[in-house]
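Peer 1: Please find work.txt (compact mmCIF, C-alpha atoms and all ligand atoms) on the next line:
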```
# COMPACT_ATOMS: atom_id res chain seq x y z
CA MET A 25 7.04 -9.23 56.35
CA GLU A 26 7.60 -12.54 54.53
CA PRO A 27 9.36 -12.54 51.15
CA VAL A 28 6.96 -12.73 48.19
CA GLU A 29 6.91 -16.28 46.86
CA GLY A 30 5.14 -18.30 44.22
CA SER A 31 5.19 -18.27 40.41
CA PRO A 32 5.45 -15.91 38.59
CA PHE A 33 6.84 -13.81 41.45
CA THR A 34 9.78 -16.07 42.23
CA GLU A 35 11.18 -14.81 38.91
CA LEU A 36 11.27 -11.28 40.31
CA ALA A 37 14.40 -11.92 42.36
CA SER A 38 16.49 -13.09 39.43
CA LYS A 39 15.31 -10.11 37.39
CA THR A 40 15.79 -7.40 40.03
CA ASP A 41 19.21 -8.86 40.96
CA ARG A 42 20.52 -7.83 37.54
CA CYS A 43 20.27 -4.16 38.48
CA ILE A 44 23.72 -2.96 39.59
CA ARG A 45 22.30 0.46 40.60
CA CYS A 46 24.58 2.32 38.20
CA GLY A 47 21.95 4.99 37.45
CA PHE A 48 22.53 5.11 33.69
CA CYS A 49 18.75 4.83 33.29
CA LEU A 50 17.88 7.92 35.34
CA ASP A 51 18.15 10.51 32.58
CA ALA A 52 16.10 8.33 30.24
CA CYS A 53 13.18 8.12 32.67
CA PRO A 54 10.44 10.70 32.02
CA THR A 55 9.04 10.58 35.56
CA PHE A 56 12.48 11.03 37.10
CA ARG A 57 13.22 13.91 34.76
CA LEU A 58 9.97 15.61 35.81
CA THR A 59 10.20 15.00 39.55
CA GLY A 60 13.86 14.35 40.39
CA GLN A 61 12.66 11.74 42.90
CA GLU A 62 14.66 8.52 43.21
CA THR A 63 11.52 6.50 44.00
CA LEU A 64 10.03 7.67 40.69
CA SER A 65 13.10 6.49 38.74
CA PRO A 66 13.77 3.00 37.31
CA ARG A 67 16.56 2.35 39.79
CA GLY A 68 14.40 3.48 42.71
CA ARG A 69 11.41 1.44 41.59
CA ILE A 70 13.51 -1.69 41.10
CA TYR A 71 15.02 -1.20 44.55
CA LEU A 72 11.57 -0.82 46.10
CA VAL A 73 10.30 -3.96 44.36
CA LYS A 74 13.41 -5.89 45.40
CA SER A 75 13.11 -4.72 49.01
CA TRP A 76 9.42 -5.58 49.04
CA GLN A 77 10.16 -8.97 47.51
CA GLU A 78 12.85 -9.61 50.17
CA GLY A 79 10.53 -8.50 52.95
CA THR A 80 12.51 -5.44 54.08
CA VAL A 81 9.90 -2.97 52.81
CA SER A 82 6.14 -3.30 53.23
CA LEU A 83 3.84 -2.93 50.29
CA ASP A 84 2.28 0.41 51.21
CA HIS A 85 0.91 3.45 49.43
CA ASN A 86 4.41 4.77 48.69
CA VAL A 87 5.27 1.60 46.78
CA MET A 88 1.90 1.71 45.05
CA HIS A 89 2.47 5.34 44.05
CA ALA A 90 5.93 4.49 42.66
CA LEU A 91 4.46 1.70 40.54
CA ASP A 92 1.31 3.59 39.51
CA THR A 93 3.28 6.59 38.29
CA CYS A 94 5.56 4.47 36.10
CA LEU A 95 4.58 4.91 32.45
CA GLY A 96 5.76 1.44 31.50
CA CYS A 97 7.51 3.20 28.62
CA ARG A 98 10.63 1.02 28.97
CA ALA A 99 12.99 3.84 28.04
CA CYS A 100 15.03 2.56 31.00
CA GLU A 101 15.51 -0.77 29.22
CA THR A 102 17.02 1.01 26.23
CA ALA A 103 19.41 2.90 28.50
CA CYS A 104 20.38 0.00 30.78
CA PRO A 105 23.82 -1.54 30.14
CA SER A 106 23.01 -4.59 32.28
CA GLY A 107 20.03 -5.83 30.31
CA VAL A 108 17.53 -5.38 33.16
CA GLU A 109 14.09 -6.48 31.93
CA TYR A 110 12.28 -3.61 33.53
CA GLY A 111 8.98 -4.14 31.66
CA SER A 112 8.77 -7.66 32.95
CA ILE A 113 9.63 -6.58 36.52
CA LEU A 114 6.90 -3.93 36.37
CA GLU A 115 4.25 -6.34 35.09
CA MET A 116 5.05 -8.92 37.77
CA ALA A 117 5.14 -6.33 40.56
CA ARG A 118 1.86 -4.77 39.44
CA THR A 119 0.24 -8.19 39.17
CA HIS A 120 1.18 -8.99 42.71
CA MET A 121 0.19 -5.53 43.93
CA GLU A 122 -3.28 -5.81 42.40
CA SER A 123 -3.78 -9.17 44.15
CA THR A 124 -3.07 -7.68 47.60
CA HIS A 125 -6.15 -5.47 47.77
CA LEU A 126 -4.08 -2.49 48.90
CA ARG A 127 -5.89 -0.23 46.45
CA PRO A 128 -9.20 1.18 47.75
CA PRO A 129 -11.96 -1.15 46.47
CA PHE A 130 -13.86 1.53 44.55
CA GLN A 131 -10.69 2.64 42.78
CA ALA A 132 -9.75 -0.95 41.92
CA PHE A 133 -13.26 -1.53 40.58
CA ALA A 134 -13.23 1.70 38.54
CA ARG A 135 -9.82 0.94 37.02
CA LYS A 136 -10.90 -2.55 36.05
CA GLN A 137 -14.13 -1.30 34.52
CA LEU A 138 -12.23 1.35 32.57
CA LEU A 139 -10.13 -1.39 30.97
CA ASN A 140 -13.15 -3.58 30.35
CA VAL A 141 -14.95 -0.73 28.57
CA LEU A 142 -11.92 0.33 26.52
CA THR A 143 -11.32 -3.22 25.30
CA ASN A 144 -14.94 -3.99 24.46
CA PRO A 145 -15.83 -2.27 21.15
CA LYS A 146 -19.58 -2.26 21.82
CA LEU A 147 -19.22 -0.81 25.31
CA LEU A 148 -16.62 1.69 24.11
CA SER A 149 -18.90 2.92 21.31
CA VAL A 150 -21.79 3.40 23.75
CA SER A 151 -19.52 5.11 26.30
CA LEU A 152 -18.13 7.48 23.70
CA ALA A 153 -21.63 8.43 22.62
CA ALA A 154 -22.53 9.10 26.27
CA GLY A 155 -19.16 10.82 26.79
CA LYS A 156 -19.87 13.25 23.98
CA TYR A 157 -22.94 14.30 25.95
CA THR A 158 -21.23 14.53 29.35
CA GLY A 159 -18.10 15.95 27.70
CA THR A 160 -20.18 18.78 26.38
CA LEU A 161 -21.33 19.42 29.93
CA THR A 162 -17.82 19.18 31.38
CA HIS A 163 -15.83 20.92 28.62
CA GLY A 164 -14.34 17.68 27.27
CA ARG A 165 -13.09 16.49 30.64
CA MET A 166 -14.28 13.61 32.76
CA PRO A 167 -16.82 14.35 35.47
CA THR A 168 -14.86 15.14 38.65
CA PHE A 169 -16.14 12.14 40.63
CA ALA A 170 -15.08 9.62 37.97
CA ALA A 171 -11.74 11.38 37.53
CA ARG A 172 -10.94 11.30 41.26
CA LEU A 173 -11.98 7.65 41.49
CA LEU A 174 -9.64 6.56 38.70
CA SER A 175 -6.68 8.73 39.53
CA GLY A 176 -6.72 8.24 43.28
CA GLY A 177 -7.51 11.85 44.08
CA SER A 178 -5.45 13.75 41.50
CA SER A 179 -6.60 17.31 41.11
CA ALA A 180 -6.05 17.36 37.32
CA PRO A 181 -9.12 15.87 35.64
CA PRO A 182 -8.39 13.44 32.79
CA LYS A 183 -9.66 14.21 29.33
CA LEU A 184 -12.05 12.09 27.33
CA PRO A 185 -10.45 10.10 24.51
CA HIS A 186 -10.64 11.57 21.02
CA SER A 187 -11.56 9.54 17.99
CA HIS A 188 -9.20 9.90 15.05
CA GLY A 189 -11.06 10.58 11.85
CA ASP A 190 -14.55 9.11 11.61
CA ALA A 191 -15.17 6.88 14.62
CA GLY A 192 -17.16 3.72 14.11
CA ALA A 193 -16.75 -0.03 14.47
CA ARG A 194 -16.71 -0.75 10.71
CA ALA A 195 -15.73 -4.34 9.97
CA ILE A 196 -12.99 -5.08 7.45
CA PRO A 197 -13.73 -8.00 5.07
CA GLU A 198 -12.32 -11.33 6.22
CA ARG A 199 -10.22 -11.52 3.05
CA SER A 200 -8.91 -8.74 0.80
CA SER A 201 -6.90 -9.87 -2.19
CA ALA A 202 -3.56 -8.41 -3.23
CA ARG A 203 -3.87 -5.54 -5.72
CA THR A 204 -0.66 -6.44 -7.53
CA SER A 205 0.62 -9.97 -8.09
CA LYS A 206 0.41 -11.80 -4.80
CA ARG A 207 3.63 -12.10 -2.81
CA TYR A 208 2.43 -12.89 0.72
CA THR A 209 -0.57 -13.76 2.85
CA VAL A 210 -0.79 -11.80 6.07
CA ALA A 211 -3.28 -11.41 8.92
CA ILE A 212 -4.10 -8.14 10.60
CA LEU A 213 -5.95 -7.39 13.82
CA GLU A 214 -8.69 -4.81 13.89
CA GLY A 215 -8.09 -4.47 17.63
CA CYS A 216 -10.48 -3.28 20.31
CA VAL A 217 -9.80 0.47 20.64
CA MET A 218 -8.46 0.61 17.07
CA ARG A 219 -11.64 -0.70 15.45
CA VAL A 220 -13.75 1.94 17.23
CA LEU A 221 -11.53 5.02 17.22
CA PHE A 222 -9.23 4.27 14.26
CA ALA A 223 -11.33 2.34 11.76
CA SER A 224 -9.98 4.48 8.92
CA THR A 225 -6.37 3.63 9.95
CA ASN A 226 -7.22 -0.06 9.80
CA GLU A 227 -8.69 0.41 6.32
CA ALA A 228 -5.57 2.29 5.19
CA THR A 229 -3.45 -0.58 6.56
CA VAL A 230 -5.33 -3.08 4.40
CA ARG A 231 -4.96 -0.93 1.25
CA VAL A 232 -1.22 -0.40 1.82
CA LEU A 233 -0.68 -4.13 2.27
CA GLN A 234 -2.74 -4.88 -0.85
CA ALA A 235 -0.66 -2.39 -2.81
CA ASN A 236 2.41 -4.33 -1.67
CA GLY A 237 1.22 -7.67 -2.98
CA CYS A 238 -0.27 -9.00 0.24
CA GLU A 239 -3.53 -10.89 0.56
CA VAL A 240 -4.94 -9.63 3.85
CA ILE A 241 -6.92 -11.73 6.31
CA ALA A 242 -8.83 -9.95 9.09
CA PRO A 243 -9.95 -12.80 11.40
CA PRO A 244 -13.56 -11.86 12.16
CA HIS A 245 -13.61 -13.11 15.75
CA ALA A 246 -10.27 -11.64 16.81
CA ALA A 247 -10.70 -9.30 19.79
CA CYS A 248 -8.46 -7.65 22.38
CA CYS A 249 -4.85 -8.89 22.71
CA GLY A 250 -4.75 -8.30 26.49
CA ALA A 251 -2.09 -5.55 26.43
CA LEU A 252 -3.93 -3.00 28.57
CA HIS A 253 -4.82 -5.57 31.23
CA LEU A 254 -1.31 -6.99 31.24
CA HIS A 255 0.32 -3.60 31.69
CA SER A 256 -2.10 -2.81 34.52
CA GLY A 257 -1.28 -5.89 36.57
CA LEU A 258 -4.47 -7.80 35.70
CA HIS A 259 -2.50 -10.83 34.59
CA GLU A 260 -5.28 -13.44 34.59
CA ASP A 261 -7.72 -11.14 32.77
CA ALA A 262 -4.98 -10.57 30.19
CA LEU A 263 -4.39 -14.30 29.74
CA VAL A 264 -8.09 -14.91 29.12
CA ARG A 265 -7.87 -12.41 26.25
CA CYS A 266 -4.59 -13.89 24.95
CA ARG A 267 -6.12 -17.37 24.76
CA ALA A 268 -9.29 -16.13 23.06
CA LEU A 269 -7.22 -14.27 20.48
CA ILE A 270 -5.04 -17.32 19.84
CA ASP A 271 -8.19 -19.39 19.24
CA SER A 272 -9.50 -16.84 16.74
CA LEU A 273 -6.16 -16.80 14.85
CA THR A 274 -5.68 -20.58 14.86
CA PRO A 275 -7.54 -21.35 11.58
CA TYR A 276 -5.16 -19.00 9.71
CA LEU A 277 -1.81 -19.77 11.32
CA ASN A 278 -0.62 -22.22 8.68
CA GLU A 279 -1.29 -19.96 5.73
CA ILE A 280 -0.03 -16.57 6.96
CA ASP A 281 3.51 -15.33 6.48
CA ALA A 282 3.10 -12.62 9.10
CA LEU A 283 0.71 -11.14 11.63
CA VAL A 284 0.94 -7.45 10.77
CA ILE A 285 0.16 -5.03 13.59
CA ASN A 286 -0.50 -1.29 13.38
CA SER A 287 -0.65 -0.56 17.12
CA ALA A 288 2.65 -0.46 19.03
CA GLY A 289 1.22 -1.59 22.39
CA CYS A 290 -0.53 -4.60 20.86
CA GLY A 291 2.54 -5.59 18.84
CA SER A 292 4.81 -5.61 21.86
CA THR A 293 2.36 -7.75 23.86
CA LEU A 294 1.82 -10.19 20.99
CA ARG A 295 5.59 -10.68 20.79
CA GLU A 296 5.44 -11.78 24.44
CA TYR A 297 2.72 -14.42 23.92
CA GLY A 298 5.26 -17.24 23.65
CA THR A 299 6.70 -16.31 27.05
CA LEU A 300 3.39 -15.48 28.71
CA LEU A 301 1.86 -18.86 27.82
CA ARG A 302 4.97 -21.02 27.91
CA ASP A 303 3.56 -23.13 30.78
CA ASP A 304 0.13 -23.59 29.17
CA LYS A 305 0.25 -26.93 27.38
CA ALA A 306 -2.84 -26.21 25.28
CA TYR A 307 -1.63 -22.82 24.03
CA CYS A 308 2.18 -22.61 24.29
CA GLU A 309 2.91 -23.88 20.79
CA ARG A 310 0.45 -21.58 19.02
CA ALA A 311 1.47 -18.66 21.26
CA LYS A 312 5.09 -19.10 20.15
CA ILE A 313 4.09 -19.29 16.47
CA ILE A 314 2.12 -16.06 16.82
CA SER A 315 4.98 -14.27 18.59
CA ASP A 316 7.36 -15.31 15.83
CA LYS A 317 5.03 -14.05 13.10
CA VAL A 318 4.34 -10.62 14.60
CA ARG A 319 5.57 -7.67 12.55
CA ASP A 320 4.85 -4.00 12.92
CA ILE A 321 3.40 -2.67 9.65
CA CYS A 322 6.47 -0.49 8.91
CA GLU A 323 8.84 -3.29 9.87
CA TRP A 324 7.00 -5.68 7.52
CA LEU A 325 7.02 -3.31 4.56
CA GLU A 326 10.73 -2.62 4.93
CA GLU A 327 11.37 -6.37 5.31
CA ILE A 328 9.58 -7.31 2.08
CA GLY A 329 10.78 -4.24 0.16
CA PRO A 330 8.03 -1.69 -0.33
CA ALA A 331 6.54 -1.06 -3.77
CA PRO A 332 7.38 2.36 -5.22
CA MET A 333 4.99 5.16 -4.31
CA ALA A 334 3.47 7.33 -7.01
CA ASN A 335 1.94 10.30 -5.20
CA MET A 336 3.86 13.29 -3.85
CA ILE A 337 3.24 14.48 -0.30
CA ALA A 338 4.73 17.95 -0.01
CA GLU A 339 4.72 18.07 3.80
CA THR A 340 7.33 18.55 6.48
CA VAL A 341 6.87 15.56 8.74
CA SER A 342 8.26 14.72 12.17
CA TYR A 343 8.08 11.22 13.66
CA HIS A 344 7.22 10.55 17.32
CA ASP A 345 8.53 7.17 18.47
CA ALA A 346 5.83 5.28 20.34
CA CYS A 347 7.49 3.73 23.41
CA HIS A 348 6.25 0.23 22.64
CA LEU A 349 7.79 0.44 19.18
CA ALA A 350 11.11 2.13 19.99
CA HIS A 351 11.88 0.72 23.42
CA ALA A 352 9.86 -2.51 23.59
CA GLN A 353 10.25 -3.68 19.96
CA LYS A 354 13.40 -1.74 18.98
CA ILE A 355 11.71 -0.42 15.85
CA ARG A 356 13.02 3.05 15.04
CA GLU A 357 14.59 3.02 11.60
CA GLN A 358 11.86 1.32 9.55
CA PRO A 359 9.13 3.98 9.96
CA ARG A 360 11.63 6.74 9.16
CA ALA A 361 12.96 4.81 6.16
CA LEU A 362 9.44 4.33 4.80
CA LEU A 363 8.52 7.96 5.27
CA GLY A 364 11.74 8.90 3.51
CA ARG A 365 10.60 6.94 0.45
CA ILE A 366 7.47 9.08 -0.03
CA PRO A 367 8.08 11.50 -2.91
CA GLY A 368 8.23 15.14 -1.83
CA LEU A 369 8.11 14.43 1.91
CA LYS A 370 10.67 16.17 4.13
CA LEU A 371 11.44 14.38 7.38
CA VAL A 372 12.65 16.43 10.36
CA GLU A 373 13.58 15.10 13.80
CA MET A 374 12.03 16.42 16.98
CA GLU A 375 13.90 16.67 20.27
CA GLU A 376 13.20 13.73 22.61
CA ALA A 377 11.33 11.91 19.81
CA ASP A 378 11.46 8.65 21.79
CA THR A 379 10.35 10.14 25.11
CA CYS A 380 6.86 9.17 26.25
CA CYS A 381 4.07 11.66 25.48
CA GLY A 382 2.16 10.66 28.63
CA SER A 383 -0.53 8.60 26.92
CA ALA A 384 0.88 5.19 27.99
CA GLY A 385 -2.22 2.99 27.87
CA THR A 386 -4.57 4.48 30.44
CA TYR A 387 -1.90 6.60 32.19
CA ASN A 388 -3.37 9.86 30.89
CA ILE A 389 -6.59 8.91 32.69
CA THR A 390 -5.17 7.42 35.88
CA GLU A 391 -2.23 9.83 36.31
CA PRO A 392 -3.48 13.00 34.59
CA ALA A 393 -1.13 15.51 36.24
CA LEU A 394 2.13 13.86 35.15
CA ALA A 395 0.61 12.94 31.77
CA ALA A 396 -0.31 16.58 31.12
CA GLN A 397 3.26 17.71 31.88
CA LEU A 398 4.66 15.14 29.47
CA LEU A 399 2.19 16.17 26.80
CA ALA A 400 3.08 19.85 27.17
CA ARG A 401 6.77 18.95 26.78
CA LYS A 402 6.04 16.85 23.68
CA VAL A 403 3.91 19.56 22.07
CA GLU A 404 6.65 22.13 22.67
CA HIS A 405 9.23 19.89 20.96
CA ILE A 406 6.81 19.41 18.06
CA ARG A 407 6.22 23.14 17.75
CA LYS A 408 9.97 23.77 17.46
CA THR A 409 10.34 21.41 14.46
CA GLY A 410 8.17 23.54 12.17
CA ALA A 411 6.60 20.29 10.91
CA THR A 412 3.18 20.44 9.26
CA THR A 413 2.41 16.80 10.06
CA ILE A 414 3.32 14.53 12.98
CA VAL A 415 3.39 10.79 12.48
CA THR A 416 3.29 8.07 15.11
CA GLY A 417 2.57 4.33 15.12
CA ASN A 418 0.44 3.99 18.23
CA PRO A 419 -3.24 4.97 18.53
CA GLY A 420 -2.95 6.14 22.14
CA CYS A 421 -0.09 8.53 21.36
CA LEU A 422 -1.89 9.76 18.28
CA ALA A 423 -5.13 10.69 20.05
CA TRP A 424 -3.30 12.17 23.05
CA ILE A 425 -0.89 14.33 21.05
CA GLU A 426 -3.75 15.43 18.79
CA GLN A 427 -5.53 16.77 21.87
CA GLY A 428 -2.37 18.56 22.99
CA LEU A 429 -1.92 20.21 19.60
CA GLU A 430 -5.55 21.30 19.52
CA GLU A 431 -5.40 22.74 23.03
CA GLN A 432 -2.36 24.79 22.07
CA GLY A 433 -4.17 26.02 18.95
CA LEU A 434 -1.48 24.53 16.69
CA LYS A 435 -2.65 23.73 13.16
CA ILE A 436 -0.46 20.64 12.86
CA LYS A 437 -1.92 17.44 11.49
CA ILE A 438 -1.18 14.08 13.08
CA CYS A 439 -1.65 10.62 11.64
CA HIS A 440 -0.43 7.04 11.57
CA PRO A 441 2.37 6.31 9.03
CA VAL A 442 0.05 4.03 7.03
CA GLU A 443 -2.26 6.95 6.34
CA LEU A 444 0.54 8.81 4.53
CA LEU A 445 1.60 5.62 2.77
CA ASP A 446 -1.99 4.98 1.74
CA PHE A 447 -2.15 8.40 0.11
CA ALA A 448 1.23 7.88 -1.55
CA TYR A 449 0.05 4.57 -3.04
CA ARG A 450 -3.36 5.68 -4.27
S1 LIG A 501 18.15 -0.54 35.71
FE1 LIG A 501 20.06 -0.78 34.56
S2 LIG A 501 20.74 1.34 34.16
FE2 LIG A 501 19.21 1.46 35.81
S3 LIG A 501 20.40 1.40 37.69
FE3 LIG A 501 19.82 -0.73 37.22
S4 LIG A 501 21.54 -1.59 36.04
FE4 LIG A 501 21.78 0.67 36.03
S1 LIG A 502 9.22 2.40 32.30
FE1 LIG A 502 9.51 4.59 31.78
S2 LIG A 502 8.57 5.72 33.51
FE2 LIG A 502 8.85 3.58 34.18
S3 LIG A 502 10.84 3.57 35.23
FE3 LIG A 502 11.25 2.98 33.07
S4 LIG A 502 11.73 4.91 32.02
FE4 LIG A 502 10.76 5.45 34.00
```
Could you write out this file's structure as structure tokens?

Peer 2:
Amino acid sequence: MEPVEGSPFTELASKTDRCIRCGFCLDACPTFRLTGQETLSPRGRIYLVKSWQEGTVSLDHNVMHALDTCLGCRACETACPSGVEYGSILEMARTHMESTHLRPPFQAFARKQLLNVLTNPKLLSVSLAAGKYTGTLTHGRMPTFAARLLSGGSSAPPKLPHSHGDAGARAIPERSSARTSKRYTVAILEGCVMRVLFASTNEATVRVLQANGCEVIAPPHAACCGALHLHSGLHEDALVRCRALIDSLTPYLNEIDALVINSAGCGSTLREYGTLLRDDKAYCERAKIISDKVRDICEWLEEIGPAPMANMIAETVSYHDACHLAHAQKIREQPRALLGRIPGLKLVEMEEADTCCGSAGTYNITEPALAAQLLARKVEHIRKTGATTIVTGNPGCLAWIEQGLEEQGLKIKICHPVELLDFAYR
């Protein structure tokens, strides 16, 4: 087999060469911890990609399985002493894999359509309405045929996504003025999945920013950031979405101090825009500006110094680190610091707080068996904390863990940090 060549895959060699095979990442990897298999570890996956890139291993179903079962959680990056950019290696390898047509055509089609539906608010709303009907017939799980198609034959049927609070694609006003004296102008994104399943979280985000002296712009034509497509190896589809989002943000770029994001997966992708579009003359400059202005909502509030909060929240709260906040954006302290400022709130740590819950984009749909094991482990760690509320900064984790708690019959609430902050500020 010939070595894989051509941009962006020529970059793979320089990235995989950095791995010295020390194995420090193994214990950090959720799929290795569950299976004990080297090929389902970061080191094993990097070695497979490197061998495939050098032409000593063929791209076959074993390689595809190793890449499909990776959560993309990037816990291995945190653990790696050599600075291996595992997330980047995974995206490049998946992009090349998806272009080889190794995946059965029906499965490739179904996976692409899943992403297209999830990232299109109108289609997602219609699908959820239909899903409620079929979910009733299938006890909240996907019909077996669809499940098998997406997961490549897994016997554990994926569950239908939950909406958090009252689902509905409510639009946020284009401009909301600061409620105290104005300190900053910021933009937010309503997102694709967020605006349908987490509209109330978006509204809470606006109110919290207003309470902190921010005028908030919600660009009305801003759509999907491309994160789900990018992480699934659909590089060109992702870039189409990146460019469209850049166009919709362009009229506001000069006046905003920050682009404030309340979804971990979107934030980490937006930070990569400058790199993703560095060779695109028409977009590279604006892409870099956007990357530089991205702030997670908790990061932004801690950066500007949050206004004091008036309301008590007498809850014991535990924080689950979303992978794309903790590992991809290195944001761990700010959410905890903010929660610690809420009067009356007691913060307790859970074991393995920064270990993936199994949600991981569409992983809980495409790899339901491993995702279910990770969820069970997460719920058990939550149960041991004695917390009354769980907080996490990523919509996918939130909906997934909420399902796990419900299935275990645990009366533990779960919400985004801004929802507690919103209450504390009201
Ligand atoms: S990815 Fe990093 S930690 Fe893992 S084996 Fe390679 S060099 Fe070591
Ligand atoms: S991204 Fe996560 S699942 Fe994938 S190899 Fe790294 S630690 Fe393991």

Peer 1: Would you kindly identify which residues have an atom no farther than 10 Å from (4.5, -2.1, 8.3), using only C-alpha atoms and the file's own coordinates, and write them out as an MDAnalysis selection string?

Peer 2: chainID A and resid 229 232:233 284:286 319:328 330 358:359 362 417 441:442 445

Peer 1: Find, counting all atoms listed in the file, the residue in A:Ala377, A:Cys347, A:Cys439, A:Ala246 that gets nearest to ligand LIG 502 (chain A).

Peer 2: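 Going through A:Ala377, A:Cys347, A:Cys439, A:Ala246 one by one, the smallest distance to ligand LIG 502 (chain A) is for A:Cys347.
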
Peer 1: If we count only C-alpha atoms, what is near Thr299 (chain A) at a cut-off of 10 Å, once residues fewer than 5 positions away on the same chain are taken out, given as a ChimeraX atom specification?

Peer 2: /A:294,308,311-312,315

Peer 1: So that I can see what lies close to region 72-86 of chain A, please list as a ChimeraX atom specification the residues with an atom at most 12 Å from it, counting only C-alpha atoms and leaving out residues fewer than 5 positions away in the same chain.

Peer 2: /A:25-30,33-43,45,62-67,91-93,110,113-118,120-128,176

Peer 1: To one decimal in Å, tell me the separation between CA of Asp378 (chain A) and CA of Ala350 (chain A).

Peer 2: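 Distance between the two atoms: 6.8 Å.
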
Peer 1: For ligand LIG 502 (chain A), list the contacting residues at 9 Å or closer, counting only C-alpha atoms and all ligand atoms, as a PDB file with C-alpha atoms, keeping the file's coordinate frame.

Peer 2:
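Written output follows (selection_7.pdb):
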```
ATOM      1  CA  CYS A  49      18.750   4.830  33.290  1.00  0.00           C
ATOM      2  CA  LEU A  50      17.880   7.920  35.340  1.00  0.00           C
ATOM      3  CA  ASP A  51      18.150  10.510  32.580  1.00  0.00           C
ATOM      4  CA  ALA A  52      16.100   8.330  30.240  1.00  0.00           C
ATOM      5  CA  CYS A  53      13.180   8.120  32.670  1.00  0.00           C
ATOM      6  CA  PRO A  54      10.440  10.700  32.020  1.00  0.00           C
ATOM      7  CA  THR A  55       9.040  10.580  35.560  1.00  0.00           C
ATOM      8  CA  PHE A  56      12.480  11.030  37.100  1.00  0.00           C
ATOM      9  CA  ARG A  57      13.220  13.910  34.760  1.00  0.00           C
ATOM     10  CA  LEU A  64      10.030   7.670  40.690  1.00  0.00           C
ATOM     11  CA  SER A  65      13.100   6.490  38.740  1.00  0.00           C
ATOM     12  CA  PRO A  66      13.770   3.000  37.310  1.00  0.00           C
ATOM     13  CA  ARG A  67      16.560   2.350  39.790  1.00  0.00           C
ATOM     14  CA  GLY A  68      14.400   3.480  42.710  1.00  0.00           C
ATOM     15  CA  ARG A  69      11.410   1.440  41.590  1.00  0.00           C
ATOM     16  CA  ILE A  70      13.510  -1.690  41.100  1.00  0.00           C
ATOM     17  CA  ALA A  90       5.930   4.490  42.660  1.00  0.00           C
ATOM     18  CA  LEU A  91       4.460   1.700  40.540  1.00  0.00           C
ATOM     19  CA  THR A  93       3.280   6.590  38.290  1.00  0.00           C
ATOM     20  CA  CYS A  94       5.560   4.470  36.100  1.00  0.00           C
ATOM     21  CA  LEU A  95       4.580   4.910  32.450  1.00  0.00           C
ATOM     22  CA  GLY A  96       5.760   1.440  31.500  1.00  0.00           C
ATOM     23  CA  CYS A  97       7.510   3.200  28.620  1.00  0.00           C
ATOM     24  CA  ARG A  98      10.630   1.020  28.970  1.00  0.00           C
ATOM     25  CA  ALA A  99      12.990   3.840  28.040  1.00  0.00           C
ATOM     26  CA  CYS A 100      15.030   2.560  31.000  1.00  0.00           C
ATOM     27  CA  GLU A 101      15.510  -0.770  29.220  1.00  0.00           C
ATOM     28  CA  THR A 102      17.020   1.010  26.230  1.00  0.00           C
ATOM     29  CA  ALA A 103      19.410   2.900  28.500  1.00  0.00           C
ATOM     30  CA  TYR A 110      12.280  -3.610  33.530  1.00  0.00           C
ATOM     31  CA  GLY A 111       8.980  -4.140  31.660  1.00  0.00           C
ATOM     32  CA  LEU A 114       6.900  -3.930  36.370  1.00  0.00           C
ATOM     33  CA  CYS A 347       7.490   3.730  23.410  1.00  0.00           C
ATOM     34  CA  THR A 379      10.350  10.140  25.110  1.00  0.00           C
ATOM     35  CA  CYS A 380       6.860   9.170  26.250  1.00  0.00           C
TER      36      CYS A 380
END
```

Peer 1: By how many Å are CA of Gly385 (chain A) and CA of Val217 (chain A) apart?

Peer 2: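 Computing it gives 10.8 Å between the two atoms.
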
Peer 1: What is the distance between CA of Glu260 (chain A) and CA of Asp304 (chain A), in Å to one decimal?

Peer 2: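 Going from CA of Glu260 (chain A) over to CA of Asp304 (chain A), I get 12.7 Å.
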
Peer 1: Pick out the closest residue to Val108 (chain A) from this set: A:Leu429, A:Asn226, A:Val372, A:Phe48. Count all atoms listed in the file.

Peer 2: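 Counting all atoms listed in the file, the residue closest to Val108 (chain A) is A:Phe48.
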
Peer 1: What lies within 12 Å of Arg401 (chain A) using only C-alpha atoms, ignoring chain neighbours under 2 positions off, as a VMD selection string?

Peer 2: chain A and resid 54 57 to 58 374 to 377 379 to 382 394 to 399 403 to 408 425 428 to 429 432

Peer 1: Just checking: using only C-alpha atoms, which residue out of A:Gly329, A:Gly298, A:Pro392, A:Gly257 ends up closest to Arg365 (chain A)?

Peer 2: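 Distance minimum relative to Arg365 (chain A) lands on A:Gly329.
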
Peer 1: Do a neighbour search on Cys248 (chain A) at 6 Å with only C-alpha atoms, toss out local chain neighbours closer than 2 positions, and write the hits as a compact mmCIF listing (two decimals) with C-alpha atoms, in the frame of the given file.

Peer 2:
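So the final result, stored in out_37.txt, reads:
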```txt
# COMPACT_ATOMS: atom_id res chain seq x y z
CA GLY A 215 -8.09 -4.47 17.63
CA CYS A 216 -10.48 -3.28 20.31
CA GLY A 250 -4.75 -8.30 26.49
```

Peer 1: Using only C-alpha atoms, list the residues that have an atom at most 10 Å from (-6.6, -10.4, 25.0), coordinates as in the file, as a count of residues only.

Peer 2: 25

Peer 1: Show which residues sit within 10 Å of Ile314 (chain A), as a list in words. Count only C-alpha atoms, and ignore same-chain residues fewer than 3 positions away.

Peer 2: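 Selected residues are Ile270, Leu273, Thr274, Leu277, Ala282, Leu283, Leu294, Arg295, Glu296, Tyr297, Gly298, Cys308, Glu309, Arg310, Ala311, Lys317 and Val318 of chain A.
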